[in-house]
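Shown here: input_24.pdb, PDB, C-alpha atoms.
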```
ATOM      1  CA  MET A1414      80.202 108.211 120.826  1.00  0.00           C
ATOM      2  CA  SER A1415      83.385 110.210 121.296  1.00  0.00           C
ATOM      3  CA  ASP A1416      85.387 106.966 121.115  1.00  0.00           C
ATOM      4  CA  ILE A1417      83.735 106.078 117.809  1.00  0.00           C
ATOM      5  CA  GLY A1418      84.429 109.569 116.499  1.00  0.00           C
ATOM      6  CA  ASP A1419      88.076 109.373 117.501  1.00  0.00           C
ATOM      7  CA  TRP A1420      88.395 105.944 115.890  1.00  0.00           C
ATOM      8  CA  PHE A1421      86.825 107.225 112.670  1.00  0.00           C
ATOM      9  CA  LYS A1422      89.122 110.276 112.560  1.00  0.00           C
ATOM     10  CA  ASN A1423      92.153 108.014 112.954  1.00  0.00           C
ATOM     11  CA  ILE A1424      91.298 106.037 109.810  1.00  0.00           C
ATOM     12  CA  PRO A1425      93.608 107.131 106.948  1.00  0.00           C
ATOM     13  CA  PHE A1426      92.046 109.906 104.873  1.00  0.00           C
ATOM     14  CA  ILE A1427      91.149 108.085 101.633  1.00  0.00           C
ATOM     15  CA  THR A1428      90.131 104.869 103.374  1.00  0.00           C
ATOM     16  CA  ARG A1429      87.958 106.899 105.746  1.00  0.00           C
ATOM     17  CA  TYR A1430      85.771 108.272 102.946  1.00  0.00           C
ATOM     18  CA  TRP A1431      85.674 104.982 101.049  1.00  0.00           C
ATOM     19  CA  PHE A1432      84.638 103.180 104.242  1.00  0.00           C
ATOM     20  CA  ALA A1433      81.997 105.814 105.079  1.00  0.00           C
ATOM     21  CA  GLY A1434      80.577 105.695 101.553  1.00  0.00           C
ATOM     22  CA  SER A1435      80.380 101.900 101.706  1.00  0.00           C
ATOM     23  CA  ILE A1436      78.175 102.268 104.781  1.00  0.00           C
ATOM     24  CA  ALA A1437      76.111 105.272 103.693  1.00  0.00           C
ATOM     25  CA  VAL A1438      75.128 104.097 100.204  1.00  0.00           C
ATOM     26  CA  PRO A1439      73.868 100.619 101.284  1.00  0.00           C
ATOM     27  CA  LEU A1440      71.966 102.332 104.115  1.00  0.00           C
ATOM     28  CA  ILE A1441      70.349 104.735 101.637  1.00  0.00           C
ATOM     29  CA  GLY A1442      69.291 101.784  99.501  1.00  0.00           C
ATOM     30  CA  LYS A1443      68.065  99.822 102.540  1.00  0.00           C
ATOM     31  CA  LEU A1444      65.916 102.715 103.760  1.00  0.00           C
ATOM     32  CA  GLY A1445      64.491 103.225 100.286  1.00  0.00           C
ATOM     33  CA  LEU A1446      65.671 106.816 100.008  1.00  0.00           C
ATOM     34  CA  ILE A1447      67.011 105.857  96.588  1.00  0.00           C
ATOM     35  CA  GLY A1448      65.817 102.704  94.891  1.00  0.00           C
ATOM     36  CA  PRO A1449      68.504 100.010  94.598  1.00  0.00           C
ATOM     37  CA  MET A1450      67.739  99.779  90.873  1.00  0.00           C
ATOM     38  CA  TYR A1451      69.333 103.240  90.524  1.00  0.00           C
ATOM     39  CA  LEU A1452      72.476 102.251  92.415  1.00  0.00           C
ATOM     40  CA  VAL A1453      73.618  99.147  90.564  1.00  0.00           C
ATOM     41  CA  LEU A1454      75.578  99.042  87.319  1.00  0.00           C
ATOM     42  CA  TRP A1455      73.326  98.484  84.310  1.00  0.00           C
ATOM     43  CA  PRO A1456      75.113  98.919  80.958  1.00  0.00           C
ATOM     44  CA  GLU A1457      71.946  99.979  79.150  1.00  0.00           C
ATOM     45  CA  ALA A1458      71.163 102.721  81.675  1.00  0.00           C
ATOM     46  CA  PHE A1459      74.786 103.850  81.718  1.00  0.00           C
ATOM     47  CA  PHE A1460      75.272 104.022  77.943  1.00  0.00           C
ATOM     48  CA  HIS A1461      71.807 104.902  76.650  1.00  0.00           C
ATOM     49  CA  LYS A1462      70.279 106.876  79.527  1.00  0.00           C
ATOM     50  CA  PHE A1463      73.547 108.595  80.530  1.00  0.00           C
ATOM     51  CA  GLN A1464      73.179 107.651  84.189  1.00  0.00           C
ATOM     52  CA  ILE A1465      76.872 108.247  84.733  1.00  0.00           C
ATOM     53  CA  TRP A1466      76.766 107.876  88.529  1.00  0.00           C
ATOM     54  CA  ARG A1467      76.175 104.128  88.323  1.00  0.00           C
ATOM     55  CA  PRO A1468      79.845 102.979  88.190  1.00  0.00           C
ATOM     56  CA  LEU A1469      80.515 104.852  91.442  1.00  0.00           C
ATOM     57  CA  SER A1470      77.288 103.912  93.220  1.00  0.00           C
ATOM     58  CA  ALA A1471      77.708 100.256  92.197  1.00  0.00           C
ATOM     59  CA  THR A1472      81.162 100.312  93.829  1.00  0.00           C
ATOM     60  CA  LEU A1473      79.754 101.570  97.141  1.00  0.00           C
ATOM     61  CA  TYR A1474      76.375  99.798  97.171  1.00  0.00           C
ATOM     62  CA  PHE A1475      75.685  96.314  98.517  1.00  0.00           C
ATOM     63  CA  PRO A1476      72.199  94.829  99.036  1.00  0.00           C
ATOM     64  CA  VAL A1477      72.192  94.174 102.783  1.00  0.00           C
ATOM     65  CA  GLY A1478      69.662  91.614 103.941  1.00  0.00           C
ATOM     66  CA  PRO A1479      69.295  88.464 106.053  1.00  0.00           C
ATOM     67  CA  GLY A1480      71.134  86.377 103.482  1.00  0.00           C
ATOM     68  CA  THR A1481      73.867  88.879 102.617  1.00  0.00           C
ATOM     69  CA  GLY A1482      74.489  90.818 105.828  1.00  0.00           C
ATOM     70  CA  PHE A1483      77.366  88.645 107.058  1.00  0.00           C
ATOM     71  CA  LEU A1484      79.092  88.708 103.673  1.00  0.00           C
ATOM     72  CA  TYR A1485      78.743  92.504 103.623  1.00  0.00           C
ATOM     73  CA  LEU A1486      80.247  92.897 107.092  1.00  0.00           C
ATOM     74  CA  VAL A1487      83.155  90.588 106.277  1.00  0.00           C
ATOM     75  CA  ASN A1488      84.049  92.567 103.160  1.00  0.00           C
ATOM     76  CA  LEU A1489      83.586  95.861 105.015  1.00  0.00           C
ATOM     77  CA  TYR A1490      86.120  94.556 107.537  1.00  0.00           C
ATOM     78  CA  PHE A1491      88.519  93.649 104.722  1.00  0.00           C
ATOM     79  CA  LEU A1492      88.104  97.143 103.261  1.00  0.00           C
ATOM     80  CA  TYR A1493      88.932  98.808 106.581  1.00  0.00           C
ATOM     81  CA  GLN A1494      91.836  96.528 107.459  1.00  0.00           C
ATOM     82  CA  TYR A1495      93.733  96.289 104.199  1.00  0.00           C
ATOM     83  CA  SER A1496      93.000  99.683 102.711  1.00  0.00           C
ATOM     84  CA  SER A1497      94.127 101.273 105.998  1.00  0.00           C
ATOM     85  CA  ARG A1498      97.291  99.167 106.039  1.00  0.00           C
ATOM     86  CA  LEU A1499      98.188 100.006 102.470  1.00  0.00           C
ATOM     87  CA  GLU A1500      97.471 103.717 102.841  1.00  0.00           C
ATOM     88  CA  SER A1501      99.452 103.983 106.088  1.00  0.00           C
ATOM     89  CA  GLY A1502     102.121 101.468 105.044  1.00  0.00           C
ATOM     90  CA  ALA A1503     103.553 101.238 101.529  1.00  0.00           C
ATOM     91  CA  PHE A1504     101.707 104.429 100.503  1.00  0.00           C
ATOM     92  CA  ASP A1505     102.331 106.345 103.721  1.00  0.00           C
ATOM     93  CA  GLY A1506     102.585 110.053 102.957  1.00  0.00           C
ATOM     94  CA  ARG A1507     101.727 109.436  99.297  1.00  0.00           C
ATOM     95  CA  PRO A1508      97.937 109.849  99.038  1.00  0.00           C
ATOM     96  CA  ALA A1509      98.094 110.682  95.315  1.00  0.00           C
ATOM     97  CA  ASP A1510      99.812 107.374  94.548  1.00  0.00           C
ATOM     98  CA  TYR A1511      97.247 105.492  96.612  1.00  0.00           C
ATOM     99  CA  MET A1512      94.369 107.308  94.939  1.00  0.00           C
ATOM    100  CA  PHE A1513      95.869 106.459  91.556  1.00  0.00           C
ATOM    101  CA  MET A1514      95.971 102.789  92.495  1.00  0.00           C
ATOM    102  CA  LEU A1515      92.303 102.895  93.500  1.00  0.00           C
ATOM    103  CA  LEU A1516      91.343 104.734  90.306  1.00  0.00           C
ATOM    104  CA  PHE A1517      93.291 102.324  88.085  1.00  0.00           C
ATOM    105  CA  ASN A1518      91.743  99.285  89.760  1.00  0.00           C
ATOM    106  CA  TRP A1519      88.285 100.855  89.735  1.00  0.00           C
ATOM    107  CA  ILE A1520      88.419 101.722  86.020  1.00  0.00           C
ATOM    108  CA  CYS A1521      89.544  98.195  85.159  1.00  0.00           C
ATOM    109  CA  ILE A1522      86.738  96.735  87.281  1.00  0.00           C
ATOM    110  CA  VAL A1523      84.110  99.077  85.786  1.00  0.00           C
ATOM    111  CA  ILE A1524      85.160  98.108  82.244  1.00  0.00           C
ATOM    112  CA  THR A1525      85.008  94.430  83.202  1.00  0.00           C
ATOM    113  CA  GLY A1526      81.656  94.935  84.891  1.00  0.00           C
ATOM    114  CA  LEU A1527      80.159  96.592  81.815  1.00  0.00           C
ATOM    115  CA  MET A1528      81.460  93.812  79.590  1.00  0.00           C
ATOM    116  CA  MET A1529      80.253  91.018  81.895  1.00  0.00           C
ATOM    117  CA  ASP A1530      77.002  92.700  83.001  1.00  0.00           C
ATOM    118  CA  MET A1531      78.083  92.811  86.670  1.00  0.00           C
ATOM    119  CA  GLN A1532      75.741  94.911  88.788  1.00  0.00           C
ATOM    120  CA  LEU A1533      77.788  95.163  92.020  1.00  0.00           C
ATOM    121  CA  LEU A1534      81.448  96.206  92.137  1.00  0.00           C
ATOM    122  CA  MET A1535      82.173  96.525  95.866  1.00  0.00           C
ATOM    123  CA  ILE A1536      83.796  93.124  96.387  1.00  0.00           C
ATOM    124  CA  PRO A1537      86.079  93.230  93.302  1.00  0.00           C
ATOM    125  CA  LEU A1538      87.567  96.594  94.312  1.00  0.00           C
ATOM    126  CA  ILE A1539      88.113  95.510  97.913  1.00  0.00           C
ATOM    127  CA  MET A1540      89.743  92.281  96.741  1.00  0.00           C
ATOM    128  CA  SER A1541      92.024  94.164  94.345  1.00  0.00           C
ATOM    129  CA  VAL A1542      93.333  96.290  97.235  1.00  0.00           C
ATOM    130  CA  LEU A1543      93.727  93.235  99.453  1.00  0.00           C
ATOM    131  CA  TYR A1544      95.669  91.502  96.666  1.00  0.00           C
ATOM    132  CA  VAL A1545      98.110  94.412  96.356  1.00  0.00           C
ATOM    133  CA  TRP A1546      98.659  94.415 100.124  1.00  0.00           C
ATOM    134  CA  ALA A1547      99.255  90.664 100.091  1.00  0.00           C
ATOM    135  CA  GLN A1548     101.867  90.953  97.346  1.00  0.00           C
ATOM    136  CA  LEU A1549     103.688  93.840  99.017  1.00  0.00           C
ATOM    137  CA  ASN A1550     103.758  91.800 102.234  1.00  0.00           C
ATOM    138  CA  ARG A1551     103.931  88.357 100.652  1.00  0.00           C
ATOM    139  CA  ASP A1552     106.314  86.788 103.199  1.00  0.00           C
ATOM    140  CA  THR A1553     104.380  87.965 106.236  1.00  0.00           C
ATOM    141  CA  VAL A1554     102.740  85.066 108.077  1.00  0.00           C
ATOM    142  CA  VAL A1555      99.065  85.871 108.651  1.00  0.00           C
ATOM    143  CA  SER A1556      96.469  84.213 110.824  1.00  0.00           C
ATOM    144  CA  PHE A1557      93.014  83.451 109.499  1.00  0.00           C
ATOM    145  CA  TRP A1558      89.920  81.809 110.911  1.00  0.00           C
ATOM    146  CA  PHE A1559      90.273  78.837 113.278  1.00  0.00           C
ATOM    147  CA  GLY A1560      93.948  79.584 113.827  1.00  0.00           C
ATOM    148  CA  THR A1561      95.134  78.722 110.312  1.00  0.00           C
ATOM    149  CA  ARG A1562      98.440  80.382 109.405  1.00  0.00           C
ATOM    150  CA  PHE A1563     100.026  80.921 106.011  1.00  0.00           C
ATOM    151  CA  LYS A1564     101.982  83.485 104.004  1.00  0.00           C
ATOM    152  CA  ALA A1565     100.159  86.652 103.001  1.00  0.00           C
ATOM    153  CA  CYS A1566     100.624  85.920  99.294  1.00  0.00           C
ATOM    154  CA  TYR A1567      98.031  83.142  99.628  1.00  0.00           C
ATOM    155  CA  LEU A1568      95.499  85.290 101.485  1.00  0.00           C
ATOM    156  CA  PRO A1569      93.496  86.539  98.438  1.00  0.00           C
ATOM    157  CA  TRP A1570      92.927  82.966  97.279  1.00  0.00           C
ATOM    158  CA  VAL A1571      91.972  81.765 100.754  1.00  0.00           C
ATOM    159  CA  ILE A1572      89.454  84.605 101.009  1.00  0.00           C
ATOM    160  CA  LEU A1573      88.127  83.735  97.549  1.00  0.00           C
ATOM    161  CA  GLY A1574      87.273  80.263  98.824  1.00  0.00           C
ATOM    162  CA  PHE A1575      85.985  81.629 102.127  1.00  0.00           C
ATOM    163  CA  ASN A1576      83.638  84.155 100.504  1.00  0.00           C
ATOM    164  CA  TYR A1577      82.326  81.456  98.203  1.00  0.00           C
ATOM    165  CA  ILE A1578      81.485  79.266 101.199  1.00  0.00           C
ATOM    166  CA  ILE A1579      79.583  82.055 102.984  1.00  0.00           C
ATOM    167  CA  GLY A1580      77.619  83.038  99.894  1.00  0.00           C
ATOM    168  CA  GLY A1581      79.843  85.188  97.708  1.00  0.00           C
ATOM    169  CA  SER A1582      80.597  84.784  94.045  1.00  0.00           C
ATOM    170  CA  VAL A1583      83.919  83.383  92.877  1.00  0.00           C
ATOM    171  CA  VAL A1584      83.691  85.666  89.839  1.00  0.00           C
ATOM    172  CA  ASN A1585      83.744  88.824  91.966  1.00  0.00           C
ATOM    173  CA  GLU A1586      86.764  87.732  93.996  1.00  0.00           C
ATOM    174  CA  LEU A1587      88.580  86.397  90.953  1.00  0.00           C
ATOM    175  CA  ILE A1588      88.169  89.647  89.010  1.00  0.00           C
ATOM    176  CA  GLY A1589      89.405  91.593  92.018  1.00  0.00           C
ATOM    177  CA  ASN A1590      92.487  89.381  92.301  1.00  0.00           C
ATOM    178  CA  LEU A1591      93.248  89.650  88.592  1.00  0.00           C
ATOM    179  CA  VAL A1592      92.910  93.443  88.583  1.00  0.00           C
ATOM    180  CA  GLY A1593      95.088  93.688  91.677  1.00  0.00           C
ATOM    181  CA  HIS A1594      97.672  91.471  89.990  1.00  0.00           C
ATOM    182  CA  LEU A1595      97.599  93.660  86.866  1.00  0.00           C
ATOM    183  CA  TYR A1596      98.321  96.791  88.913  1.00  0.00           C
ATOM    184  CA  PHE A1597     101.042  95.100  90.970  1.00  0.00           C
ATOM    185  CA  PHE A1598     102.735  93.678  87.881  1.00  0.00           C
ATOM    186  CA  LEU A1599     102.695  96.928  85.900  1.00  0.00           C
ATOM    187  CA  MET A1600     103.620  99.196  88.813  1.00  0.00           C
ATOM    188  CA  PHE A1601     106.131  97.071  90.725  1.00  0.00           C
ATOM    189  CA  LYS A1602     107.013  93.672  89.333  1.00  0.00           C
ATOM    190  CA  TYR A1603     107.736  94.471  85.693  1.00  0.00           C
ATOM    191  CA  PRO A1604     109.665  97.772  86.049  1.00  0.00           C
ATOM    192  CA  MET A1605     111.423  97.087  89.353  1.00  0.00           C
ATOM    193  CA  ASP A1606     112.143  93.349  89.323  1.00  0.00           C
ATOM    194  CA  LEU A1607     112.249  92.582  85.613  1.00  0.00           C
ATOM    195  CA  GLY A1608     113.888  95.831  84.466  1.00  0.00           C
ATOM    196  CA  GLY A1609     111.109  96.779  82.051  1.00  0.00           C
ATOM    197  CA  ARG A1610     109.621 100.165  81.309  1.00  0.00           C
ATOM    198  CA  SER A1611     107.164 101.782  83.688  1.00  0.00           C
ATOM    199  CA  PHE A1612     103.668 101.745  82.169  1.00  0.00           C
ATOM    200  CA  LEU A1613     101.909 103.397  85.102  1.00  0.00           C
ATOM    201  CA  SER A1614     102.608 106.737  86.719  1.00  0.00           C
ATOM    202  CA  THR A1615     100.478 108.940  88.912  1.00  0.00           C
ATOM    203  CA  PRO A1616      99.032 111.927  86.989  1.00  0.00           C
ATOM    204  CA  GLN A1617     100.216 115.342  88.087  1.00  0.00           C
ATOM    205  CA  PHE A1618      96.705 116.576  88.867  1.00  0.00           C
ATOM    206  CA  LEU A1619      96.426 113.960  91.613  1.00  0.00           C
ATOM    207  CA  TYR A1620      99.592 115.300  93.232  1.00  0.00           C
ATOM    208  CA  GLN A1621      97.992 118.743  93.148  1.00  0.00           C
ATOM    209  CA  MET A1622      94.811 117.420  94.753  1.00  0.00           C
ATOM    210  CA  PHE A1623      96.592 115.127  97.225  1.00  0.00           C
ATOM    211  CA  PRO A1624     100.097 116.523  97.839  1.00  0.00           C
ATOM    212  CA  ASN A1625     102.696 114.297  99.452  1.00  0.00           C
ATOM    213  CA  ARG A1626     102.920 114.842 103.182  1.00  0.00           C
ATOM    214  CA  ARG A1627     106.540 113.764 103.383  1.00  0.00           C
ATOM    215  CA  GLY A1628     109.176 111.916 101.369  1.00  0.00           C
ATOM    216  CA  GLY A1629     108.425 108.251 100.805  1.00  0.00           C
ATOM    217  CA  VAL A1630     110.251 105.361  99.219  1.00  0.00           C
ATOM    218  CA  SER A1631     112.820 106.619  96.725  1.00  0.00           C
ATOM    219  CA  GLY A1632     111.920 105.730  93.179  1.00  0.00           C
ATOM    220  CA  PHE A1633     108.478 104.430  94.146  1.00  0.00           C
ATOM    221  CA  GLY A1634     107.161 102.543  91.144  1.00  0.00           C
ATOM    222  CA  VAL A1635     110.049 103.644  88.913  1.00  0.00           C
ATOM    223  CA  PRO A1636     112.704 101.221  87.639  1.00  0.00           C
ATOM    224  CA  PRO A1637     116.401 102.025  88.145  1.00  0.00           C
ATOM    225  CA  SER A1638     117.973 103.854  85.204  1.00  0.00           C
ATOM    226  CA  ARG A1639     121.011 101.575  85.041  1.00  0.00           C
ATOM    227  CA  ARG A1640     122.979  99.075  87.072  1.00  0.00           C
ATOM    228  CA  PRO A1641     126.021 100.426  88.975  1.00  0.00           C
ATOM    229  CA  LEU A1642     129.382  99.677  87.401  1.00  0.00           C
ATOM    230  CA  PRO A1643     131.803  97.395  89.272  1.00  0.00           C
ATOM    231  CA  GLN A1644     134.163 100.273  90.021  1.00  0.00           C
ATOM    232  CA  GLU A1645     131.248 102.252  91.448  1.00  0.00           C
ATOM    233  CA  GLN A1646     130.345  99.362  93.726  1.00  0.00           C
ATOM    234  CA  ALA A1647     133.971  99.026  94.815  1.00  0.00           C
ATOM    235  CA  GLY A1648     134.074 102.739  95.554  1.00  0.00           C
ATOM    236  CA  GLY A1649     130.989 102.545  97.777  1.00  0.00           C
ATOM    237  CA  GLY A1650     128.703 104.222  95.263  1.00  0.00           C
ATOM    238  CA  GLY A1651     125.325 103.393  96.755  1.00  0.00           C
ATOM    239  CA  GLY A1652     125.774  99.883  98.120  1.00  0.00           C
ATOM    240  CA  GLY A1653     124.737  98.037  94.951  1.00  0.00           C
ATOM    241  CA  GLY A1654     121.039  98.079  95.841  1.00  0.00           C
ATOM    242  CA  GLY A1655     120.005  97.729  92.184  1.00  0.00           C
ATOM    243  CA  GLY A1656     116.744  99.600  92.776  1.00  0.00           C
ATOM    244  CA  ARG A1657     114.893  96.605  94.272  1.00  0.00           C
ATOM    245  CA  HIS A1658     112.665  97.157  97.261  1.00  0.00           C
ATOM    246  CA  ASN A1659     112.071  94.711 100.072  1.00  0.00           C
ATOM    247  CA  TRP A1660     108.329  94.197 100.081  1.00  0.00           C
ATOM    248  CA  GLY A1661     108.424  91.405 102.668  1.00  0.00           C
ATOM    249  CA  GLN A1662     107.734  93.487 105.747  1.00  0.00           C
ATOM    250  CA  GLY A1663     104.194  94.254 106.797  1.00  0.00           C
ATOM    251  CA  PHE A1664     101.530  93.619 109.376  1.00  0.00           C
ATOM    252  CA  ARG A1665     100.069  90.472 110.818  1.00  0.00           C
ATOM    253  CA  LEU A1666      96.401  89.849 110.218  1.00  0.00           C
ATOM    254  CA  GLY A1667      94.436  91.141 113.141  1.00  0.00           C
ATOM    255  CA  ASP A1668      97.116  93.486 114.489  1.00  0.00           C
ATOM    256  CA  ASP A1669      96.023  96.984 115.392  1.00  0.00           C
TER     257      ASP A1669
END
```
Using the file provided, produce a representation of the structure as structure tokens.
Amino acid sequence: MSDIGDWFKNIPFITRYWFAGSIAVPLIGKLGLIGPMYLVLWPEAFFHKFQIWRPLSATLYFPVGPGTGFLYLVNLYFLYQYSSRLESGAFDGRPADYMFMLLFNWICIVITGLMMDMQLLMIPLIMSVLYVWAQLNRDTVVSFWFGTRFKACYLPWVILGFNYIIGGSVVNELIGNLVGHLYFFLMFKYPMDLGGRSFLSTPQFLYQMFPNRRGGVSGFGVPPSRRPLPQEQAGGGGGGGGGRHNWGQGFRLGDD
């Protein structure tokens, strides 16, 4: 038990509570302590009965049973692996920025779920985080089932097909991928690679709640103000980096 406790304490802070909630809430529903009908997202109950907890409970709840248990465990594994790697990798020391990413993705998924009458939101949020990790580590070669190997940028689409085969819904995975792409494009691709304005920034109250533990990547999520002039480059003024960040380094699938 002490080994399990040590392992749990070593999970990054935000991922730890998300992971624990994704175990506790399905267990509560399975034991009947709270009826599953009160945990899923129903637009009518949310809007007309003011049951405002449903967007959160629907993100943590999954109906575990003989036909869904394997799918649940697979996605719980994806949550642990890729949320941990993002929080301790690209977002290392920046819990407020990571929390903002989760909140942005979650809000987009909740809005989509209310519009499309989706009752369960666990898989879309997990897939959105996995998609962001895959894009930040797109050139990393990952290993999947049966020894297949490919670049990380293809991983979300491989998992989409895999989850469909084992009983998941393509809609859930597709929405997660699209939301993850929206965050990645607005936060990284458009301002940093295409030189556009930054549409997303972490609110100050999140920095107050989750202060940075140490300095991270300079200009994280913020485009460069201008390109260096030729005479500045010739004079050694900063190496001509242009504000781009090398997102190609990451972890291999299955590494500790």
I'd like to know which of A:Ile1520, A:Ala1433, A:Cys1566, A:Leu1534 is closest to Ser1470 of chain A, using all atoms listed in the file. A:Leu1534
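For the atom pair formed by atom CA of Leu1619 of chain A and atom CA of Tyr1490 of chain A, the distance is 27.1 Å, given to one decimal.
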Evaluate the PyMOL selection byres ((chain A and resi 1539) around 10) here and jot the selected residues down as a list in words. Thr1472, Asn1488, Leu1489, Tyr1490, Phe1491, Leu1492, Tyr1493, Tyr1495, Ser1496, Leu1515, Asn1518, Trp1519, Leu1534, Met1535, Ile1536, Pro1537, Leu1538, Met1540, Ser1541, Val1542, Leu1543, Tyr1544, Asn1585, Glu1586, Gly1589, Asn1590 and Gly1593 of chain A
Around the point (105.9, 89.4, 91.4) in the file's coordinates, collect all residues with an atom within 12 Å, using only C-alpha atoms, and return them as a PyMOL selection string. chain A and resi 1544-1545+1547-1551+1566+1593-1607+1657-1661
Convert the output of the PyMOL selection byres ((chain A and resi 1445-1453) around 7) on the shown file into explicit residues, formatted as an MDAnalysis selection string. chainID A and resid 1441:1444 1454:1455 1467 1470:1471 1474 1532:1533
Quick one: pull the distance between atom CA of Leu1499 of chain A and atom CA of Lys1564 of chain A, Å, one decimal. 17.0 Å
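The closest residue to Arg1429 of chain A, picked from A:Pro1508, A:Ser1497, A:Phe1475, A:Pro1569 and counting all atoms listed in the file, is A:Ser1497.
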Report, in Å with one decimal, the straight-line distance from atom CA of Gly1526 of chain A to atom CA of Glu1457 of chain A. 12.4 Å
Pick out the closest residue to Pro1476 of chain A from this set: A:Gln1494, A:Leu1440, A:Glu1500, A:Arg1562. Count only C-alpha atoms. A:Leu1440
Report, as lines of an AutoDock Vina configuration file, the centre and edge lengths in Å (one decimal) of the axis-aligned box enclosing every listed atom of segment 1499-1513 of chain A, padded by 8 Å on each side.
```
center_x = 99.0
center_y = 105.3
center_z = 98.8
size_x = 25.2
size_y = 26.7
size_z = 30.5
```
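Using the PyMOL selection byres ((chain A and resi 1512) around 10) on the file at hand returns these residues: A:Ile1427, A:Thr1428, A:Glu1500, A:Phe1504, A:Arg1507, A:Pro1508, A:Ala1509, A:Asp1510, A:Tyr1511, A:Phe1513, A:Met1514, A:Leu1515, A:Leu1516, A:Phe1517, A:Asn1518, A:Thr1615, A:Leu1619, A:Tyr1620, A:Phe1623.
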Quick one: residues within 12 Å of Tyr1430 of chain A, all atoms listed in the file, excluding same-chain residues fewer than 4 positions away - as a VMD selection string? chain A and resid 1421 to 1426 1434 to 1438 1473 1492 to 1493 1496 to 1497 1512
